[in-house]
Amino acid sequence: MRVVEETPETVIADQRGRVRRERAEGERAAAVERITAAARALLREHSVFELSAATVASLAETTRQTVHHYFPSMHELIFALADDLTVDFQTAGSDLDVDDPQWPYLYAERVANVALADPVLNRQVLLVSASQGRGMAAATSETNRQIVPALNRRNPVAADKAAWLTLTLFRGTLFTWAAEQLSDDELRSNMRDVADVVVTQREIWNKATTN
């Protein structure tokens, strides 16, 4: 195997390449943040049907070409917003003690708080993502990385199943709320009902593993 000798010139070239890559990544992140922030602002005041590359570009102070470069369609832009929201939902309880019997209820309350913190935007984002088949699956791997390890550390009994069950049931309630079939108060109430189911199911799993 041929070994390439490192010289001051190659070191400088590598450093320059790394700097260019870091700059490009920073520029991309800044552009995406401007675009998604503009989309959120528009959706707070208008419906998804009024969302376009032109309106987003105008508010983001960029060009339509730039918007299309990062988000070829408005559906993809809304999916990106949905992914961000889903991660917020899924990590809302990552610092909670799952040994606490109140864990499902505390988690449910935090998820409801996230949804209700920006209801006009969040209803539209959830509804469109669900109707287009996107659902909340895109960020599930984020959940597995952050929530399941915490469950496994503190309570190894069916930790992955508990997280999966919780998030699956939350998902249905959130989408029903997004379709305006639940009031804000009913959302909180239904989330507590979900917590009841999770508590019961975890008791069943606990008994099954000890027998």
# chains A, B, ... in the order shown; residues from 1 in each chain; ligands from 1

$ residues_around --residues "Arg40 in chain A" --least-positions-apart "2" --cutoff "12 Å" --atoms "only C-alpha atoms" --output "compact mmCIF listing (two decimals) with all heavy atoms, in the first residue's frame"
# COMPACT_ATOMS: atom_id res chain seq x y z
N GLU A 33 -32.64 27.31 9.01
CA GLU A 33 -33.28 27.93 10.17
C GLU A 33 -34.11 29.14 9.74
O GLU A 33 -35.23 29.34 10.23
CB GLU A 33 -32.22 28.34 11.19
CG GLU A 33 -32.78 29.06 12.41
CD GLU A 33 -33.81 28.27 13.17
OE1 GLU A 33 -33.72 27.02 13.18
OE2 GLU A 33 -34.73 28.89 13.76
N ARG A 34 -33.58 29.97 8.84
CA ARG A 34 -34.34 31.13 8.37
C ARG A 34 -35.61 30.70 7.65
O ARG A 34 -36.68 31.29 7.84
CB ARG A 34 -33.48 31.98 7.42
CG ARG A 34 -32.40 32.78 8.10
CD ARG A 34 -31.89 33.91 7.19
NE ARG A 34 -31.49 33.41 5.88
CZ ARG A 34 -30.26 32.94 5.60
NH1 ARG A 34 -29.35 32.90 6.55
NH2 ARG A 34 -29.96 32.54 4.38
N ILE A 35 -35.49 29.67 6.84
CA ILE A 35 -36.64 29.20 6.05
C ILE A 35 -37.70 28.59 6.95
O ILE A 35 -38.89 28.89 6.82
CB ILE A 35 -36.17 28.18 4.99
CG1 ILE A 35 -35.31 28.90 3.94
CG2 ILE A 35 -37.36 27.49 4.33
CD1 ILE A 35 -34.57 27.95 3.02
N THR A 36 -37.30 27.73 7.88
CA THR A 36 -38.29 27.10 8.76
C THR A 36 -38.92 28.11 9.70
O THR A 36 -40.11 28.03 10.00
CB THR A 36 -37.66 25.94 9.55
OG1 THR A 36 -36.49 26.40 10.25
CG2 THR A 36 -37.28 24.79 8.63
N ALA A 37 -38.14 29.09 10.16
CA ALA A 37 -38.69 30.13 11.03
C ALA A 37 -39.73 30.95 10.27
O ALA A 37 -40.79 31.30 10.81
CB ALA A 37 -37.58 31.04 11.54
N ALA A 38 -39.44 31.25 9.00
CA ALA A 38 -40.40 32.00 8.18
C ALA A 38 -41.67 31.19 7.96
O ALA A 38 -42.78 31.73 8.03
CB ALA A 38 -39.76 32.36 6.84
N LEU A 42 -45.51 32.24 9.08
CA LEU A 42 -46.61 32.31 8.12
C LEU A 42 -47.77 31.44 8.53
O LEU A 42 -48.94 31.83 8.41
CB LEU A 42 -46.10 31.91 6.73
CG LEU A 42 -45.21 32.93 6.03
CD1 LEU A 42 -44.49 32.30 4.85
CD2 LEU A 42 -46.05 34.12 5.57
N LEU A 43 -47.47 30.25 9.03
CA LEU A 43 -48.53 29.31 9.41
C LEU A 43 -49.28 29.77 10.66
O LEU A 43 -50.39 29.31 10.91
CB LEU A 43 -47.96 27.91 9.62
CG LEU A 43 -47.53 27.19 8.33
CD1 LEU A 43 -46.84 25.87 8.65
CD2 LEU A 43 -48.73 26.96 7.41
N ARG A 44 -48.68 30.63 11.44
CA ARG A 44 -49.39 31.18 12.60
C ARG A 44 -50.45 32.18 12.17
O ARG A 44 -51.40 32.45 12.92
CB ARG A 44 -48.40 31.84 13.56
CG ARG A 44 -47.47 30.87 14.25
CD ARG A 44 -46.56 31.56 15.26
NE ARG A 44 -45.61 30.62 15.82
CZ ARG A 44 -44.29 30.61 15.55
NH1 ARG A 44 -43.80 31.54 14.74
NH2 ARG A 44 -43.50 29.72 16.09
N GLU A 45 -50.30 32.74 10.99
CA GLU A 45 -51.22 33.77 10.51
C GLU A 45 -52.07 33.32 9.33
O GLU A 45 -53.10 33.92 9.04
CB GLU A 45 -50.41 35.01 10.09
CG GLU A 45 -49.56 35.61 11.19
CD GLU A 45 -50.40 36.20 12.32
OE1 GLU A 45 -51.56 36.59 12.05
OE2 GLU A 45 -49.90 36.26 13.47
N HIS A 46 -51.64 32.27 8.64
CA HIS A 46 -52.31 31.84 7.42
C HIS A 46 -52.45 30.32 7.42
O HIS A 46 -51.87 29.63 8.25
CB HIS A 46 -51.54 32.30 6.18
CG HIS A 46 -51.26 33.77 6.15
ND1 HIS A 46 -52.21 34.71 5.82
CD2 HIS A 46 -50.12 34.46 6.44
CE1 HIS A 46 -51.68 35.92 5.89
NE2 HIS A 46 -50.41 35.80 6.27
N SER A 47 -53.18 29.81 6.44
CA SER A 47 -53.34 28.36 6.32
C SER A 47 -52.22 27.79 5.46
O SER A 47 -51.50 28.52 4.77
CB SER A 47 -54.68 28.03 5.67
OG SER A 47 -54.64 28.24 4.27
N VAL A 48 -52.10 26.47 5.50
CA VAL A 48 -51.08 25.80 4.71
C VAL A 48 -51.29 26.04 3.22
O VAL A 48 -50.33 25.97 2.44
CB VAL A 48 -51.06 24.28 5.00
CG1 VAL A 48 -50.60 24.00 6.41
CG2 VAL A 48 -52.43 23.66 4.73
N LEU A 51 -49.17 28.78 1.90
CA LEU A 51 -47.73 28.62 2.04
C LEU A 51 -47.12 28.34 0.66
O LEU A 51 -47.56 27.42 -0.04
CB LEU A 51 -47.41 27.47 2.99
CG LEU A 51 -45.99 27.39 3.54
CD1 LEU A 51 -45.71 28.55 4.49
CD2 LEU A 51 -45.79 26.06 4.27
N THR A 55 -43.73 33.12 -0.73
CA THR A 55 -44.06 33.79 0.53
C THR A 55 -43.01 33.48 1.59
O THR A 55 -42.64 34.36 2.39
CB THR A 55 -45.45 33.37 1.04
OG1 THR A 55 -45.49 31.93 1.19
CG2 THR A 55 -46.54 33.80 0.07
N VAL A 56 -42.53 32.25 1.61
CA VAL A 56 -41.49 31.88 2.58
C VAL A 56 -40.20 32.64 2.28
O VAL A 56 -39.56 33.19 3.18
CB VAL A 56 -41.25 30.36 2.56
CG1 VAL A 56 -40.03 30.00 3.42
CG2 VAL A 56 -42.47 29.61 3.06
N LEU A 59 -40.34 36.36 3.39
CA LEU A 59 -40.21 36.56 4.82
C LEU A 59 -38.83 36.18 5.33
O LEU A 59 -38.30 36.79 6.27
CB LEU A 59 -41.29 35.77 5.56
CG LEU A 59 -41.44 36.08 7.05
CD1 LEU A 59 -41.77 37.55 7.27
CD2 LEU A 59 -42.55 35.21 7.65
N ALA A 60 -38.22 35.18 4.71
CA ALA A 60 -36.90 34.72 5.13
C ALA A 60 -35.78 35.57 4.54
O ALA A 60 -34.60 35.35 4.86
CB ALA A 60 -36.69 33.27 4.73
N LEU A 77 -41.20 20.90 3.37
CA LEU A 77 -40.97 21.93 4.38
C LEU A 77 -41.83 21.67 5.62
O LEU A 77 -41.36 21.75 6.75
CB LEU A 77 -41.26 23.31 3.80
CG LEU A 77 -41.14 24.52 4.75
CD1 LEU A 77 -39.80 24.52 5.48
CD2 LEU A 77 -41.34 25.81 3.98
N ILE A 78 -43.10 21.34 5.39
CA ILE A 78 -43.98 21.04 6.52
C ILE A 78 -43.52 19.77 7.24
O ILE A 78 -43.57 19.69 8.48
CB ILE A 78 -45.43 20.92 6.05
CG1 ILE A 78 -45.92 22.28 5.55
CG2 ILE A 78 -46.34 20.42 7.18
CD1 ILE A 78 -47.30 22.26 4.94
N ALA A 80 -40.51 18.84 7.58
CA ALA A 80 -39.37 19.23 8.42
C ALA A 80 -39.85 19.87 9.71
O ALA A 80 -39.31 19.61 10.79
CB ALA A 80 -38.47 20.20 7.65
N LEU A 81 -40.90 20.70 9.62
CA LEU A 81 -41.47 21.29 10.82
C LEU A 81 -42.07 20.20 11.71
O LEU A 81 -41.96 20.26 12.95
CB LEU A 81 -42.56 22.30 10.45
CG LEU A 81 -42.14 23.49 9.58
CD1 LEU A 81 -43.32 24.42 9.36
CD2 LEU A 81 -40.97 24.25 10.18
N ALA A 82 -42.71 19.22 11.10
CA ALA A 82 -43.31 18.12 11.86
C ALA A 82 -42.23 17.30 12.56
O ALA A 82 -42.42 16.87 13.71
CB ALA A 82 -44.13 17.22 10.93
N ASP A 84 -39.32 18.40 13.60
CA ASP A 84 -38.85 19.19 14.74
C ASP A 84 -39.83 19.10 15.90
O ASP A 84 -39.44 18.96 17.07
CB ASP A 84 -38.67 20.66 14.34
CG ASP A 84 -37.48 20.88 13.43
OD1 ASP A 84 -36.61 19.98 13.35
OD2 ASP A 84 -37.42 21.95 12.78
N LEU A 85 -41.13 19.19 15.58
CA LEU A 85 -42.15 19.12 16.62
C LEU A 85 -42.16 17.75 17.28
O LEU A 85 -42.29 17.62 18.51
CB LEU A 85 -43.52 19.44 16.02
CG LEU A 85 -44.72 19.40 16.95
CD1 LEU A 85 -44.55 20.36 18.12
CD2 LEU A 85 -46.01 19.70 16.17
N ASP A 118 -48.00 26.41 20.95
CA ASP A 118 -48.12 27.07 19.65
C ASP A 118 -49.23 26.36 18.87
O ASP A 118 -48.99 25.74 17.83
CB ASP A 118 -46.80 26.99 18.90
CG ASP A 118 -46.60 28.10 17.89
OD1 ASP A 118 -47.62 28.75 17.54
OD2 ASP A 118 -45.46 28.33 17.45
N PRO A 119 -50.48 26.44 19.34
CA PRO A 119 -51.54 25.56 18.83
C PRO A 119 -51.90 25.77 17.36
O PRO A 119 -52.16 24.79 16.65
CB PRO A 119 -52.72 25.87 19.75
CG PRO A 119 -52.44 27.23 20.29
CD PRO A 119 -50.95 27.29 20.42
N VAL A 120 -51.95 27.01 16.90
CA VAL A 120 -52.33 27.24 15.50
C VAL A 120 -51.33 26.60 14.55
O VAL A 120 -51.70 25.90 13.60
CB VAL A 120 -52.44 28.76 15.22
CG1 VAL A 120 -52.68 29.01 13.74
CG2 VAL A 120 -53.56 29.38 16.05
N LEU A 121 -50.08 26.81 14.82
CA LEU A 121 -49.03 26.19 14.01
C LEU A 121 -49.04 24.68 14.14
O LEU A 121 -49.03 23.95 13.14
CB LEU A 121 -47.67 26.75 14.43
CG LEU A 121 -46.43 26.02 13.91
CD1 LEU A 121 -46.33 26.14 12.39
CD2 LEU A 121 -45.18 26.55 14.58
N ASN A 122 -49.06 24.19 15.37
CA ASN A 122 -48.91 22.76 15.60
C ASN A 122 -50.07 21.95 15.06
O ASN A 122 -49.87 20.83 14.56
CB ASN A 122 -48.71 22.49 17.09
CG ASN A 122 -47.38 23.02 17.59
OD1 ASN A 122 -46.47 23.26 16.80
ND2 ASN A 122 -47.26 23.23 18.89
N ARG A 123 -51.28 22.48 15.14
CA ARG A 123 -52.42 21.76 14.55
C ARG A 123 -52.21 21.54 13.06
O ARG A 123 -52.42 20.44 12.53
CB ARG A 123 -53.72 22.54 14.78
CG ARG A 123 -54.33 22.43 16.17
CD ARG A 123 -55.65 23.19 16.18
NE ARG A 123 -56.20 23.38 17.51
CZ ARG A 123 -57.03 22.53 18.13
NH1 ARG A 123 -57.38 21.41 17.52
NH2 ARG A 123 -57.49 22.79 19.34
N GLN A 124 -51.81 22.59 12.37
CA GLN A 124 -51.65 22.49 10.92
C GLN A 124 -50.52 21.53 10.55
O GLN A 124 -50.66 20.70 9.65
CB GLN A 124 -51.38 23.87 10.33
CG GLN A 124 -52.53 24.83 10.45
CD GLN A 124 -52.38 26.02 9.53
OE1 GLN A 124 -52.61 25.91 8.32
NE2 GLN A 124 -51.97 27.15 10.09
N VAL A 125 -49.41 21.65 11.25
CA VAL A 125 -48.26 20.81 10.95
C VAL A 125 -48.59 19.34 11.18
O VAL A 125 -48.30 18.47 10.35
CB VAL A 125 -47.05 21.23 11.81
CG1 VAL A 125 -45.95 20.19 11.77
CG2 VAL A 125 -46.51 22.58 11.33

$ closest_atom_pairs --of "range 78-139 of chain A" --to "range 175-188 of chain A" --cutoff "12 Å" --atoms "only C-alpha atoms" --output "Markdown table"
| residue | atom | partner | partner_atom | distance |
| --- | --- | --- | --- | --- |
| A:Ala82 | CA | A:Phe175 | CA | 11.8 |
| A:Thr86 | CA | A:Phe175 | CA | 11.9 |
| A:Tyr105 | CA | A:Arg188 | CA | 10.0 |
| A:Leu106 | CA | A:Arg188 | CA | 11.2 |
| A:Tyr107 | CA | A:Arg188 | CA | 11.3 |
| A:Ala108 | CA | A:Arg188 | CA | 7.8 |
| A:Glu109 | CA | A:Arg188 | CA | 6.8 |
| A:Arg110 | CA | A:Arg188 | CA | 9.7 |
| A:Val111 | CA | A:Arg188 | CA | 9.1 |
| A:Ala112 | CA | A:Arg188 | CA | 6.0 |
| A:Asn113 | CA | A:Arg188 | CA | 8.7 |
| A:Val114 | CA | A:Arg188 | CA | 11.3 |
| A:Ala115 | CA | A:Asp184 | CA | 9.3 |
| A:Leu116 | CA | A:Asp184 | CA | 7.2 |
| A:Ala117 | CA | A:Asp184 | CA | 10.8 |
| A:Asp118 | CA | A:Asp184 | CA | 11.6 |
| A:Pro119 | CA | A:Ala178 | CA | 8.5 |
| A:Val120 | CA | A:Ala178 | CA | 9.1 |
| A:Leu121 | CA | A:Ala178 | CA | 9.8 |
| A:Asn122 | CA | A:Ala178 | CA | 7.4 |
| A:Arg123 | CA | A:Ala178 | CA | 4.2 |
| A:Gln124 | CA | A:Ala178 | CA | 6.8 |
| A:Val125 | CA | A:Ala178 | CA | 8.3 |
| A:Leu126 | CA | A:Ala178 | CA | 6.1 |
| A:Leu127 | CA | A:Ala178 | CA | 5.6 |
| A:Val128 | CA | A:Ala178 | CA | 9.2 |
| A:Ser129 | CA | A:Phe175 | CA | 9.5 |
| A:Ala130 | CA | A:Phe175 | CA | 7.2 |
| A:Ser131 | CA | A:Phe175 | CA | 9.6 |
| A:Arg134 | CA | A:Phe175 | CA | 11.8 |
| A:Gly135 | CA | A:Phe175 | CA | 8.7 |
| A:Met136 | CA | A:Phe175 | CA | 9.7 |

$ closest_residue --among "A:Leu169, A:Met74, A:Leu96, A:Val194" --to "Phe49 in chain A" --atoms "only C-alpha atoms"
A:Met74

$ select_by_dssp --residues "range 17-132 of chain A" --states "helix (DSSP H, G or I)" --output "PyMOL selection string"
chain A and resi 17-45+48-50+53-60+64-70+74-91+103-117+119-131

$ atom_distance --atom1 "CA of Val198 in chain A" --atom2 "CA of Gln102 in chain A"
10.9 Å
